[in-house]
file work.csv (CSV, C-alpha atoms)
chain,number,residue,atom,x,y,z
A,731,MET,CA,-17.3,27.2,-7.9
A,732,TYR,CA,-21.0,26.2,-8.0
A,733,PRO,CA,-22.4,22.8,-7.2
A,734,THR,CA,-23.7,21.7,-10.6
A,735,ALA,CA,-24.4,22.9,-14.1
A,736,LEU,CA,-28.1,23.2,-13.1
A,737,THR,CA,-27.2,26.2,-10.9
A,738,HIS,CA,-26.1,28.1,-14.0
A,739,LEU,CA,-29.5,27.4,-15.6
A,740,ALA,CA,-31.2,28.6,-12.4
A,741,ARG,CA,-29.3,31.9,-12.5
A,742,ALA,CA,-30.4,32.5,-16.1
A,743,ASN,CA,-34.1,31.8,-15.3
A,744,PRO,CA,-36.1,35.0,-16.0
A,745,PHE,CA,-38.5,34.2,-13.2
A,746,SER,CA,-35.7,33.8,-10.6
A,747,ALA,CA,-36.1,36.0,-7.5
A,748,PRO,CA,-33.5,38.9,-7.5
A,749,LEU,CA,-33.4,38.9,-3.7
A,750,PHE,CA,-31.8,35.4,-3.6
A,751,SER,CA,-28.3,34.6,-4.5
A,752,LEU,CA,-26.4,31.3,-4.8
A,753,LYS,CA,-23.6,30.6,-2.3
A,754,GLU,CA,-20.4,29.0,-3.3
A,755,VAL,CA,-19.7,25.4,-2.1
A,756,GLU,CA,-16.6,25.2,0.1
A,757,GLU,CA,-13.6,23.6,-1.5
A,758,PRO,CA,-13.0,19.9,-0.6
A,759,ARG,CA,-9.6,20.7,1.0
A,760,ARG,CA,-11.2,23.3,3.3
A,761,THR,CA,-13.9,20.8,4.3
A,762,LYS,CA,-11.2,18.2,5.0
A,763,ARG,CA,-9.3,20.7,7.2
A,764,TYR,CA,-12.5,21.4,9.2
A,765,LEU,CA,-13.1,17.7,9.6
A,766,ALA,CA,-9.6,17.2,10.8
A,767,LEU,CA,-10.0,19.9,13.4
A,768,ALA,CA,-13.3,18.4,14.5
A,769,LEU,CA,-11.7,14.9,15.0
A,770,ARG,CA,-8.9,16.2,17.2
A,771,CYS,CA,-9.3,15.7,20.9
A,772,GLU,CA,-7.4,16.3,24.1
A,773,PHE,CA,-5.2,13.6,25.5
A,774,GLY,CA,-7.1,11.8,28.3
A,775,SER,CA,-10.5,13.2,27.3
A,776,GLN,CA,-13.7,11.1,27.1
A,777,LYS,CA,-13.6,11.3,23.3
A,778,TYR,CA,-9.9,10.1,23.4
A,779,PHE,CA,-10.8,7.0,25.4
A,780,VAL,CA,-13.8,6.2,23.2
A,781,LEU,CA,-11.7,6.4,20.0
A,782,CYS,CA,-9.0,4.3,21.7
A,783,GLY,CA,-11.7,1.7,22.5
A,784,PHE,CA,-12.8,1.7,18.8
A,785,GLY,CA,-9.2,1.2,17.8
A,786,GLY,CA,-9.1,-1.8,20.1
A,787,ILE,CA,-12.2,-3.3,18.5
A,788,LEU,CA,-10.7,-3.0,15.0
A,789,SER,CA,-7.3,-4.3,16.0
A,790,CYS,CA,-8.4,-7.3,18.0
A,791,GLY,CA,-11.7,-8.3,16.3
A,792,THR,CA,-10.3,-8.3,12.7
A,793,THR,CA,-6.9,-9.9,13.5
A,794,HIS,CA,-8.2,-12.8,15.6
A,795,THR,CA,-10.8,-13.5,13.0
A,796,ALA,CA,-8.2,-13.5,10.2
A,797,VAL,CA,-6.2,-16.3,11.9
A,798,VAL,CA,-9.2,-18.5,12.9
A,799,PRO,CA,-7.8,-21.5,10.7
A,800,LEU,CA,-4.5,-21.4,12.6
A,801,ASP,CA,-6.2,-21.0,15.9
A,802,LEU,CA,-8.5,-24.0,15.2
A,803,VAL,CA,-5.6,-26.2,14.4
A,804,LYS,CA,-3.7,-25.0,17.5
A,805,CYS,CA,-6.7,-25.8,19.7
A,806,ARG,CA,-7.0,-29.3,18.2
A,807,LEU,CA,-3.3,-29.9,18.8
A,808,GLN,CA,-3.8,-29.1,22.4
A,809,VAL,CA,-6.9,-31.1,23.1
A,810,ASN,CA,-6.2,-34.2,20.9
A,811,PRO,CA,-2.4,-34.5,20.4
A,812,ASP,CA,-2.6,-38.2,19.5
A,813,LYS,CA,-4.7,-37.4,16.3
A,814,TYR,CA,-3.2,-34.0,15.4
A,815,LYS,CA,0.5,-34.5,15.7
A,816,SER,CA,1.7,-31.3,14.0
A,817,ILE,CA,0.5,-28.1,12.3
A,818,GLY,CA,0.7,-29.7,8.9
A,819,THR,CA,-1.2,-32.8,9.7
A,820,GLY,CA,-3.7,-30.7,11.7
A,821,PHE,CA,-4.5,-28.6,8.6
A,822,ALA,CA,-4.6,-31.7,6.3
A,823,LEU,CA,-6.9,-33.7,8.6
A,824,THR,CA,-9.3,-30.7,9.1
A,825,VAL,CA,-9.6,-30.1,5.3
A,826,ARG,CA,-10.1,-33.9,4.7
A,827,GLU,CA,-12.8,-34.3,7.3
A,828,ASP,CA,-14.6,-30.9,7.1
A,829,GLY,CA,-13.5,-29.4,3.8
A,830,VAL,CA,-11.9,-26.0,3.4
A,831,ARG,CA,-14.9,-24.3,5.0
A,832,GLY,CA,-14.1,-26.3,8.2
A,833,LEU,CA,-11.1,-24.1,8.7
A,834,ALA,CA,-13.4,-21.2,9.4
A,835,LYS,CA,-15.3,-22.9,12.2
A,836,GLY,CA,-15.8,-20.5,15.2
A,837,TRP,CA,-15.2,-17.3,13.2
A,838,ALA,CA,-18.4,-15.6,14.6
A,839,PRO,CA,-17.8,-16.0,18.3
A,840,THR,CA,-14.1,-15.2,17.6
A,841,PHE,CA,-15.0,-11.9,16.0
A,842,ILE,CA,-17.6,-10.9,18.6
A,843,GLY,CA,-15.6,-12.0,21.6
A,844,TYR,CA,-12.3,-10.5,20.7
A,845,SER,CA,-13.9,-7.2,19.5
A,846,MET,CA,-15.4,-6.8,23.0
A,847,GLN,CA,-12.0,-7.8,24.5
A,848,GLY,CA,-10.2,-5.3,22.3
A,849,LEU,CA,-12.6,-2.5,23.4
A,850,CYS,CA,-11.9,-3.1,27.1
A,851,LYS,CA,-8.2,-4.0,26.7
A,852,PHE,CA,-7.0,-0.9,24.8
A,853,GLY,CA,-9.6,1.5,26.1
A,854,PHE,CA,-9.1,0.6,29.8
A,855,TYR,CA,-5.3,0.5,29.3
A,856,GLU,CA,-5.3,4.1,28.4
A,857,VAL,CA,-7.6,4.9,31.3
A,858,PHE,CA,-5.6,3.1,33.9
A,859,LYS,CA,-2.2,4.3,32.5
A,860,ILE,CA,-3.3,7.9,32.9
A,861,PHE,CA,-4.9,7.2,36.3
A,862,TYR,CA,-1.9,5.5,37.8
A,863,SER,CA,0.4,8.1,36.3
A,864,GLU,CA,-1.5,10.9,38.1
A,865,GLN,CA,-1.2,9.0,41.4
A,866,LEU,CA,2.5,8.5,41.0
A,867,GLY,CA,3.5,12.0,39.8
A,868,GLU,CA,5.8,12.9,36.9
A,869,GLU,CA,9.1,11.8,38.4
A,870,ASN,CA,7.9,8.4,39.7
A,871,THR,CA,6.0,7.8,36.5
A,872,TYR,CA,9.3,7.9,34.6
A,873,LEU,CA,11.2,5.9,37.2
A,874,TRP,CA,8.6,3.2,37.5
A,875,ARG,CA,7.2,3.3,34.0
A,876,THR,CA,7.6,-0.5,33.4
A,877,SER,CA,5.6,-1.2,36.6
A,878,LEU,CA,3.1,1.4,35.4
A,879,TYR,CA,2.6,-0.4,32.1
A,880,LEU,CA,2.3,-3.8,33.9
A,881,ALA,CA,-0.3,-2.5,36.4
A,882,ALA,CA,-2.4,-0.6,33.8
A,883,SER,CA,-2.4,-3.6,31.4
A,884,ALA,CA,-3.3,-6.1,34.1
A,885,SER,CA,-6.2,-3.9,35.3
A,886,ALA,CA,-7.5,-3.5,31.8
A,887,GLU,CA,-7.3,-7.2,31.0
A,888,PHE,CA,-9.2,-8.2,34.1
A,889,PHE,CA,-12.3,-6.6,32.7
A,890,ALA,CA,-11.5,-7.5,29.1
A,891,ASP,CA,-11.6,-11.3,29.9
A,892,ILE,CA,-15.0,-11.0,31.5
A,893,ALA,CA,-16.2,-9.6,28.2
A,894,LEU,CA,-14.4,-12.3,26.2
A,895,ALA,CA,-15.2,-15.4,28.3
A,896,PRO,CA,-18.6,-16.3,26.9
A,897,MET,CA,-17.6,-16.2,23.2
A,898,GLU,CA,-14.3,-17.9,23.9
A,899,ALA,CA,-16.1,-20.8,25.5
A,900,VAL,CA,-18.4,-21.1,22.5
A,901,LYS,CA,-15.6,-20.8,20.0
A,902,VAL,CA,-13.5,-23.6,21.6
A,903,ARG,CA,-16.6,-25.9,21.9
A,904,ILE,CA,-17.3,-25.5,18.1
A,905,GLN,CA,-13.7,-26.0,17.1
A,906,THR,CA,-12.7,-28.9,19.3
A,907,GLN,CA,-15.9,-31.0,19.8
A,908,PRO,CA,-16.9,-32.6,16.4
A,909,GLY,CA,-20.6,-32.8,15.8
A,910,PHE,CA,-21.5,-30.5,18.7
A,911,ALA,CA,-22.4,-27.4,16.6
A,912,ASN,CA,-21.2,-25.7,13.5
A,913,THR,CA,-22.5,-22.1,14.2
A,914,LEU,CA,-22.8,-19.6,17.0
A,915,ARG,CA,-26.6,-19.9,16.9
A,916,GLN,CA,-26.5,-23.7,17.3
A,917,ALA,CA,-23.8,-23.7,20.1
A,918,VAL,CA,-25.2,-21.1,22.5
A,919,PRO,CA,-28.6,-22.8,23.3
A,920,LYS,CA,-27.0,-26.2,23.5
A,921,MET,CA,-24.3,-25.1,26.0
A,922,TYR,CA,-26.9,-23.2,28.1
A,923,LYS,CA,-29.2,-26.3,28.2
A,924,GLU,CA,-26.3,-28.6,29.3
A,925,GLU,CA,-24.6,-26.4,32.0
A,926,GLY,CA,-26.6,-23.2,32.3
A,927,ILE,CA,-24.9,-19.8,32.5
A,928,TRP,CA,-21.8,-21.4,34.1
A,929,ALA,CA,-20.9,-22.9,30.7
A,930,PHE,CA,-19.9,-19.5,29.4
A,931,TYR,CA,-18.0,-18.3,32.5
A,932,LYS,CA,-16.3,-21.5,33.8
A,933,GLY,CA,-13.2,-20.6,31.8
A,934,VAL,CA,-12.8,-17.0,33.1
A,935,VAL,CA,-10.3,-17.9,35.8
A,936,PRO,CA,-8.0,-19.8,33.4
A,937,LEU,CA,-8.6,-16.9,31.0
A,938,TRP,CA,-7.2,-14.5,33.6
A,939,MET,CA,-4.3,-16.9,34.1
A,940,ARG,CA,-3.6,-16.9,30.3
A,941,GLN,CA,-4.5,-13.4,29.3
A,942,ILE,CA,-3.3,-11.2,32.2
A,943,PRO,CA,0.4,-12.3,31.9
A,944,TYR,CA,0.0,-12.2,28.1
A,945,THR,CA,-1.3,-8.6,28.2
A,946,MET,CA,1.2,-7.5,30.8
A,947,MET,CA,4.0,-8.7,28.5
A,948,LYS,CA,2.2,-7.4,25.4
A,949,PHE,CA,2.0,-3.8,26.6
A,950,ALA,CA,5.1,-3.5,28.8
A,951,CYS,CA,7.4,-5.2,26.3
A,952,PHE,CA,5.9,-3.2,23.4
A,953,GLU,CA,6.3,0.2,25.3
A,954,ARG,CA,9.9,-0.5,26.3
A,955,THR,CA,10.8,-2.0,22.9
A,956,VAL,CA,9.5,1.1,21.1
A,957,GLU,CA,11.6,3.2,23.5
A,958,LEU,CA,14.8,1.2,22.8
A,959,LEU,CA,14.2,1.1,19.0
A,960,TYR,CA,14.0,4.9,18.9
A,961,LYS,CA,17.0,5.2,21.2
A,962,TYR,CA,19.4,2.7,19.5
A,963,ALA,CA,18.0,1.5,16.1
A,964,VAL,CA,16.2,4.4,14.5
A,965,PRO,CA,18.8,6.9,13.2
A,966,LYS,CA,16.7,10.0,13.9
A,967,PRO,CA,14.3,11.2,16.7
A,968,ARG,CA,10.7,10.2,16.5
A,969,SER,CA,9.6,13.7,15.9
A,970,GLU,CA,11.5,13.7,12.6
A,971,CYS,CA,10.1,10.4,11.4
A,972,SER,CA,7.2,10.2,9.0
A,973,LYS,CA,3.9,8.6,10.0
A,974,GLY,CA,4.9,5.6,7.9
A,975,GLU,CA,8.3,5.2,9.5
A,976,GLN,CA,6.7,5.4,13.0
A,977,LEU,CA,4.2,2.7,12.0
A,978,VAL,CA,7.1,0.4,10.9
A,979,VAL,CA,8.6,0.8,14.3
A,980,THR,CA,5.2,0.0,15.9
A,981,PHE,CA,4.9,-3.2,13.8
A,982,THR,CA,8.5,-4.3,14.7
A,983,ALA,CA,8.0,-3.7,18.4
A,984,GLY,CA,4.6,-5.5,18.3
A,985,TYR,CA,6.1,-8.6,16.7
A,986,ILE,CA,8.9,-8.8,19.3
A,987,ALA,CA,6.4,-8.4,22.1
A,988,GLY,CA,4.1,-11.0,20.6
A,989,VAL,CA,6.8,-13.8,20.7
A,990,PHE,CA,7.3,-13.2,24.4
A,991,CYS,CA,3.5,-13.1,24.9
A,992,ALA,CA,3.0,-16.5,23.4
A,993,ILE,CA,5.6,-18.2,25.5
A,994,VAL,CA,4.4,-16.6,28.8
A,995,SER,CA,0.8,-17.5,28.3
A,996,HIS,CA,0.9,-20.8,26.5
A,997,PRO,CA,0.4,-23.2,29.4
A,998,ALA,CA,-2.7,-21.5,30.6
A,999,ASP,CA,-4.0,-21.4,26.9
A,1000,SER,CA,-3.7,-25.2,26.8
A,1001,VAL,CA,-5.7,-25.5,30.0
A,1002,VAL,CA,-8.5,-23.2,28.6
A,1003,SER,CA,-8.7,-25.2,25.4
A,1004,VAL,CA,-9.2,-28.5,27.2
A,1005,LEU,CA,-11.4,-27.0,29.9
A,1006,ASN,CA,-13.9,-25.6,27.4
A,1007,LYS,CA,-14.0,-28.8,25.4
A,1008,GLU,CA,-14.8,-31.1,28.3
A,1009,SER,CA,-17.9,-30.4,30.3
A,1010,GLY,CA,-17.6,-30.8,34.0
A,1011,SER,CA,-13.8,-30.5,34.0
A,1012,THR,CA,-11.8,-28.2,36.3
A,1013,ALA,CA,-8.6,-26.2,35.8
A,1014,ILE,CA,-6.7,-28.3,38.4
A,1015,GLY,CA,-7.9,-31.6,36.9
A,1016,VAL,CA,-6.9,-30.5,33.4
A,1017,LEU,CA,-3.4,-29.4,34.6
A,1018,LYS,CA,-2.9,-32.9,36.2
A,1019,LYS,CA,-4.1,-34.6,33.0
A,1020,LEU,CA,-1.8,-32.6,30.6
A,1021,GLY,CA,1.3,-32.8,32.8
A,1022,PRO,CA,4.4,-30.6,32.4
A,1023,LYS,CA,5.0,-31.5,28.7
A,1024,GLY,CA,1.4,-31.5,27.6
A,1025,VAL,CA,0.8,-27.8,28.5
A,1026,TRP,CA,3.5,-26.9,25.8
A,1027,LYS,CA,1.8,-28.7,22.9
A,1028,GLY,CA,1.1,-26.3,20.0
A,1029,LEU,CA,3.6,-23.7,21.1
A,1030,VAL,CA,5.2,-23.2,17.7
A,1031,ALA,CA,1.8,-22.6,16.1
A,1032,ARG,CA,0.9,-20.2,18.9
A,1033,ILE,CA,4.2,-18.2,18.5
A,1034,ILE,CA,3.5,-17.8,14.8
A,1035,MET,CA,-0.1,-16.8,15.4
A,1036,ILE,CA,0.5,-14.5,18.4
A,1037,GLY,CA,3.6,-12.8,17.0
A,1038,THR,CA,1.7,-11.9,13.8
A,1039,LEU,CA,-1.4,-11.0,15.7
A,1040,THR,CA,0.3,-8.7,18.2
A,1041,ALA,CA,2.3,-6.9,15.5
A,1042,LEU,CA,-0.9,-6.4,13.4
A,1043,GLN,CA,-2.9,-5.3,16.4
A,1044,TRP,CA,-0.4,-2.6,17.4
A,1045,PHE,CA,-0.1,-1.5,13.8
A,1046,ILE,CA,-3.9,-1.2,13.3
A,1047,TYR,CA,-4.3,0.5,16.7
A,1048,ASP,CA,-1.6,3.0,16.0
A,1049,SER,CA,-3.0,3.6,12.5
A,1050,VAL,CA,-6.4,4.4,14.0
A,1051,LYS,CA,-4.7,6.9,16.3
A,1052,VAL,CA,-3.0,8.5,13.2
A,1053,TYR,CA,-6.2,8.5,11.2
A,1054,PHE,CA,-8.3,10.2,13.9
A,1055,ARG,CA,-5.3,12.5,14.8
A,1056,LEU,CA,-5.3,11.3,18.4
A,1057,PRO,CA,-2.4,12.5,20.6
A,1058,ARG,CA,0.5,10.1,20.5
A,1059,PRO,CA,3.0,11.0,23.1
A,1060,PRO,CA,6.6,10.4,22.3
A,1061,PRO,CA,8.7,7.8,24.2
A,1062,PRO,CA,9.2,9.0,27.8
A,1063,GLU,CA,12.1,11.2,28.7
A,1064,MET,CA,13.5,12.0,32.1
A,1065,PRO,CA,11.8,15.1,33.6
A,1066,GLU,CA,14.0,18.1,34.1
A,1067,SER,CA,13.3,18.2,37.8
A,1068,LEU,CA,14.6,14.6,38.1
A,1069,LYS,CA,17.7,15.5,36.1
A,1070,LYS,CA,18.5,18.3,38.5
A,1071,LYS,CA,18.1,16.0,41.5
A,1072,LEU,CA,20.4,13.4,40.0
A,1073,GLY,CA,22.9,16.1,39.0
A,1074,LEU,CA,22.6,15.4,35.3
A,1075,THR,CA,22.2,19.0,34.2
A,1076,GLU,CA,24.9,21.5,33.8
call {"tool": "encode", "arguments": {"input": "work.csv", "output": "structure tokens"}}
result
Amino acid sequence: MYPTALTHLARANPFSAPLFSLKEVEEPRRTKRYLALALRCEFGSQKYFVLCGFGGILSCGTTHTAVVPLDLVKCRLQVNPDKYKSIGTGFALTVREDGVRGLAKGWAPTFIGYSMQGLCKFGFYEVFKIFYSEQLGEENTYLWRTSLYLAASASAEFFADIALAPMEAVKVRIQTQPGFANTLRQAVPKMYKEEGIWAFYKGVVPLWMRQIPYTMMKFACFERTVELLYKYAVPKPRSECSKGEQLVVTFTAGYIAGVFCAIVSHPADSVVSVLNKESGSTAIGVLKKLGPKGVWKGLVARIIMIGTLTALQWFIYDSVKVYFRLPRPPPPEMPESLKKKLGLTE
């Protein structure tokens, strides 16, 4: 098979050089096969971590940006509950005051901030999970796997929140302080002029309070739910499931994990929203102001948002792994050496 019809004319040219011959172009399928081989990488290699980080960017950046309208209403419910009494009235008032475009306020800092957070969250989670597993050894990794998931996710989120904090502060200020700024370019210089660099990092401690428990629940609950679904709900082993069926399990486990994530992290989320809205405020002062009931305002909106977000994030992240043919280890099984110690082998 030759590239184009022009090659046939070239071969018939009486002035063509007899010493040169045309080479066949490789079949598309063969090219795809070579590309697939090139994309494959070893579990735990540098390339593996880079592609996992890329998957984190896609999963977090796109999903958080997609739910900006719901996030905006949720933030306004938290910082001004007297005006925005429910999700429905929150949407109605926002559209009435700012138009439909007002629902997209804060999309730019959301996309940038959560893309950076996703890069660190998923990329470092894979790094720390392998690192801690090597320290524990095969048997202890299995026995203490839930603790391993919790430790690896907490370590990853610590760095992820440092990357997220500046854009989260900008996003909340745009969404909850009417007239302050409408765009990222307007908000950043204003915030820097008012409070300096501290304006972008004063919410990092409340972010850790919100995001570290959230991420610990997100990863540990997801990992264990996947394990339980394959054990009790899916009628065949994971190795016999198609890629599509595996992704359905991923989405289901992600949504279940998301509901628990929202409940665990909501009080700290309320503090972050108020803290970034009011200049000069402190986390302790905001907690006293909100009180025990105030920190739970907007929980229903957040459960809907975080449940959907978490399910989509895991689905996208796992899809990226499938696309790039990254190693996807099956749910953990008890090592043979441990079975012998416990007398579980014949």
call {"tool": "closest_residue", "arguments": {"input": "work.csv", "among": "A:Ala822, A:Cys790, A:Cys951, A:Leu914", "to": "Arg875 in chain A", "atoms": "only C-alpha atoms"}}
result
A:Cys951
call {"tool": "closest_atom_pairs", "arguments": {"input": "work.csv", "of": "range 889-927 of chain A", "to": "range 851-858 of chain A", "cutoff": "12 Å", "atoms": "all atoms listed in the file", "output": "Markdown table"}}
result
| residue | atom | partner | partner_atom | distance |
| --- | --- | --- | --- | --- |
| A:Phe889 | CA | A:Lys851 | CA | 7.7 |
| A:Ala890 | CA | A:Lys851 | CA | 5.4 |
| A:Asp891 | CA | A:Lys851 | CA | 8.7 |
| A:Ile892 | CA | A:Lys851 | CA | 10.9 |
| A:Ala893 | CA | A:Lys851 | CA | 9.9 |
| A:Leu894 | CA | A:Lys851 | CA | 10.4 |
call {"tool": "closest_residue", "arguments": {"input": "work.csv", "among": "A:Glu827, A:Glu1066, A:Glu898, A:Glu925", "to": "Leu937 in chain A", "atoms": "all atoms listed in the file"}}
result
A:Glu898
call {"tool": "closest_residue", "arguments": {"input": "work.csv", "among": "A:Phe784, A:Gln905, A:Ser885, A:Leu873", "to": "Ala834 in chain A", "atoms": "only C-alpha atoms"}}
result
A:Gln905
call {"tool": "closest_residue", "arguments": {"input": "work.csv", "among": "A:Tyr1047, A:Trp1026, A:Phe910, A:Tyr1053", "to": "Val994 in chain A", "atoms": "only C-alpha atoms"}}
result
A:Trp1026
call {"tool": "residues_around", "arguments": {"input": "work.csv", "residues": "Lys835 in chain A", "least_positions_apart": "5", "cutoff": "8 Å", "atoms": "all atoms listed in the file", "output": "PyMOL selection string"}}
result
chain A and resi 798-799+802+904-905+912-913
call {"tool": "closest_residue", "arguments": {"input": "work.csv", "among": "A:Met939, A:Cys805, A:Leu781, A:Val956", "to": "Ser1003 in chain A", "atoms": "all atoms listed in the file"}}
result
A:Cys805
call {"tool": "atom_distance", "arguments": {"input": "work.csv", "atom1": "CA of Ala1041 in chain A", "atom2": "CA of Gly988 in chain A"}}
result
6.8 Å
call {"tool": "atom_distance", "arguments": {"input": "work.csv", "atom1": "CA of Ala884 in chain A", "atom2": "CA of Val979 in chain A"}}
result
24.1 Å
call {"tool": "residues_near_point", "arguments": {"input": "work.csv", "point": "(1.5, -4.0, 30.5)", "cutoff": "10 Å", "atoms": "all atoms listed in the file", "output": "list of chain:residue names"}}
result
A:Tyr855, A:Lys859, A:Arg875, A:Thr876, A:Ser877, A:Leu878, A:Tyr879, A:Leu880, A:Ala881, A:Ala882, A:Ser883, A:Ala884, A:Ser885, A:Ala886, A:Glu887, A:Ile942, A:Pro943, A:Tyr944, A:Thr945, A:Met946, A:Met947, A:Lys948, A:Phe949, A:Ala950, A:Cys951, A:Phe952, A:Glu953
call {"tool": "closest_residue", "arguments": {"input": "work.csv", "among": "A:Ser816, A:Gly832, A:Gly926, A:Cys850", "to": "Gly909 in chain A", "atoms": "only C-alpha atoms"}}
result
A:Gly832
call {"tool": "atom_distance", "arguments": {"input": "work.csv", "atom1": "CA of Ala1013 in chain A", "atom2": "CA of Cys991 in chain A"}}
result
20.9 Å
call {"tool": "residues_around", "arguments": {"input": "work.csv", "residues": "Leu1005 in chain A", "least_positions_apart": "5", "cutoff": "10 Å", "atoms": "all atoms listed in the file", "output": "MDAnalysis selection string"}}
result
chainID A and resid 809 899 902:903 932:933 936 999:1000 1010:1017
call {"tool": "decode", "arguments": {"input": "work.csv", "residues": "range 813-820 of chain A", "atoms": "all heavy atoms", "output": "PDB file, in the first residue's frame"}}
result
ATOM      1  N   LYS A 813     -29.862  35.437  53.526  1.00  0.00           N
ATOM      2  CA  LYS A 813     -30.312  35.806  52.181  1.00  0.00           C
ATOM      3  C   LYS A 813     -30.565  34.578  51.320  1.00  0.00           C
ATOM      4  O   LYS A 813     -31.581  34.480  50.630  1.00  0.00           O
ATOM      5  CB  LYS A 813     -29.260  36.705  51.521  1.00  0.00           C
ATOM      6  CG  LYS A 813     -29.656  37.176  50.125  1.00  0.00           C
ATOM      7  CD  LYS A 813     -28.596  38.109  49.542  1.00  0.00           C
ATOM      8  CE  LYS A 813     -28.985  38.573  48.149  1.00  0.00           C
ATOM      9  NZ  LYS A 813     -27.960  39.466  47.547  1.00  0.00           N
ATOM     10  N   TYR A 814     -29.605  33.617  51.354  1.00  0.00           N
ATOM     11  CA  TYR A 814     -29.717  32.416  50.528  1.00  0.00           C
ATOM     12  C   TYR A 814     -30.155  31.255  51.428  1.00  0.00           C
ATOM     13  O   TYR A 814     -29.346  30.598  52.059  1.00  0.00           O
ATOM     14  CB  TYR A 814     -28.369  32.100  49.870  1.00  0.00           C
ATOM     15  CG  TYR A 814     -27.845  33.230  49.017  1.00  0.00           C
ATOM     16  CD1 TYR A 814     -26.948  34.163  49.545  1.00  0.00           C
ATOM     17  CD2 TYR A 814     -28.241  33.380  47.691  1.00  0.00           C
ATOM     18  CE1 TYR A 814     -26.453  35.202  48.765  1.00  0.00           C
ATOM     19  CE2 TYR A 814     -27.755  34.411  46.900  1.00  0.00           C
ATOM     20  CZ  TYR A 814     -26.867  35.327  47.454  1.00  0.00           C
ATOM     21  OH  TYR A 814     -26.390  36.361  46.680  1.00  0.00           O
ATOM     22  N   LYS A 815     -31.482  31.029  51.474  1.00  0.00           N
ATOM     23  CA  LYS A 815     -32.036  30.098  52.453  1.00  0.00           C
ATOM     24  C   LYS A 815     -32.033  28.643  51.978  1.00  0.00           C
ATOM     25  O   LYS A 815     -32.138  27.721  52.783  1.00  0.00           O
ATOM     26  CB  LYS A 815     -33.454  30.518  52.828  1.00  0.00           C
ATOM     27  CG  LYS A 815     -33.508  31.899  53.481  1.00  0.00           C
ATOM     28  CD  LYS A 815     -34.901  32.245  53.924  1.00  0.00           C
ATOM     29  CE  LYS A 815     -34.968  33.646  54.519  1.00  0.00           C
ATOM     30  NZ  LYS A 815     -34.139  33.783  55.726  1.00  0.00           N
ATOM     31  N   SER A 816     -31.932  28.401  50.657  1.00  0.00           N
ATOM     32  CA  SER A 816     -31.926  27.042  50.129  1.00  0.00           C
ATOM     33  C   SER A 816     -31.220  27.035  48.776  1.00  0.00           C
ATOM     34  O   SER A 816     -30.896  28.098  48.223  1.00  0.00           O
ATOM     35  CB  SER A 816     -33.360  26.523  49.963  1.00  0.00           C
ATOM     36  OG  SER A 816     -34.041  27.261  48.959  1.00  0.00           O
ATOM     37  N   ILE A 817     -31.002  25.836  48.246  1.00  0.00           N
ATOM     38  CA  ILE A 817     -30.339  25.727  46.948  1.00  0.00           C
ATOM     39  C   ILE A 817     -31.163  26.413  45.866  1.00  0.00           C
ATOM     40  O   ILE A 817     -30.644  27.166  45.033  1.00  0.00           O
ATOM     41  CB  ILE A 817     -30.123  24.241  46.572  1.00  0.00           C
ATOM     42  CG1 ILE A 817     -29.212  23.553  47.594  1.00  0.00           C
ATOM     43  CG2 ILE A 817     -29.515  24.115  45.179  1.00  0.00           C
ATOM     44  CD1 ILE A 817     -29.062  22.061  47.368  1.00  0.00           C
ATOM     45  N   GLY A 818     -32.474  26.169  45.892  1.00  0.00           N
ATOM     46  CA  GLY A 818     -33.358  26.749  44.876  1.00  0.00           C
ATOM     47  C   GLY A 818     -33.350  28.267  44.893  1.00  0.00           C
ATOM     48  O   GLY A 818     -33.196  28.910  43.845  1.00  0.00           O
ATOM     49  N   THR A 819     -33.510  28.856  46.086  1.00  0.00           N
ATOM     50  CA  THR A 819     -33.510  30.322  46.181  1.00  0.00           C
ATOM     51  C   THR A 819     -32.125  30.878  45.859  1.00  0.00           C
ATOM     52  O   THR A 819     -32.007  31.977  45.317  1.00  0.00           O
ATOM     53  CB  THR A 819     -33.920  30.778  47.596  1.00  0.00           C
ATOM     54  OG1 THR A 819     -33.050  30.177  48.562  1.00  0.00           O
ATOM     55  CG2 THR A 819     -35.357  30.389  47.883  1.00  0.00           C
ATOM     56  N   GLY A 820     -31.096  30.115  46.184  1.00  0.00           N
ATOM     57  CA  GLY A 820     -29.724  30.546  45.864  1.00  0.00           C
ATOM     58  C   GLY A 820     -29.511  30.690  44.368  1.00  0.00           C
ATOM     59  O   GLY A 820     -28.967  31.697  43.888  1.00  0.00           O
TER      60      GLY A 820
END
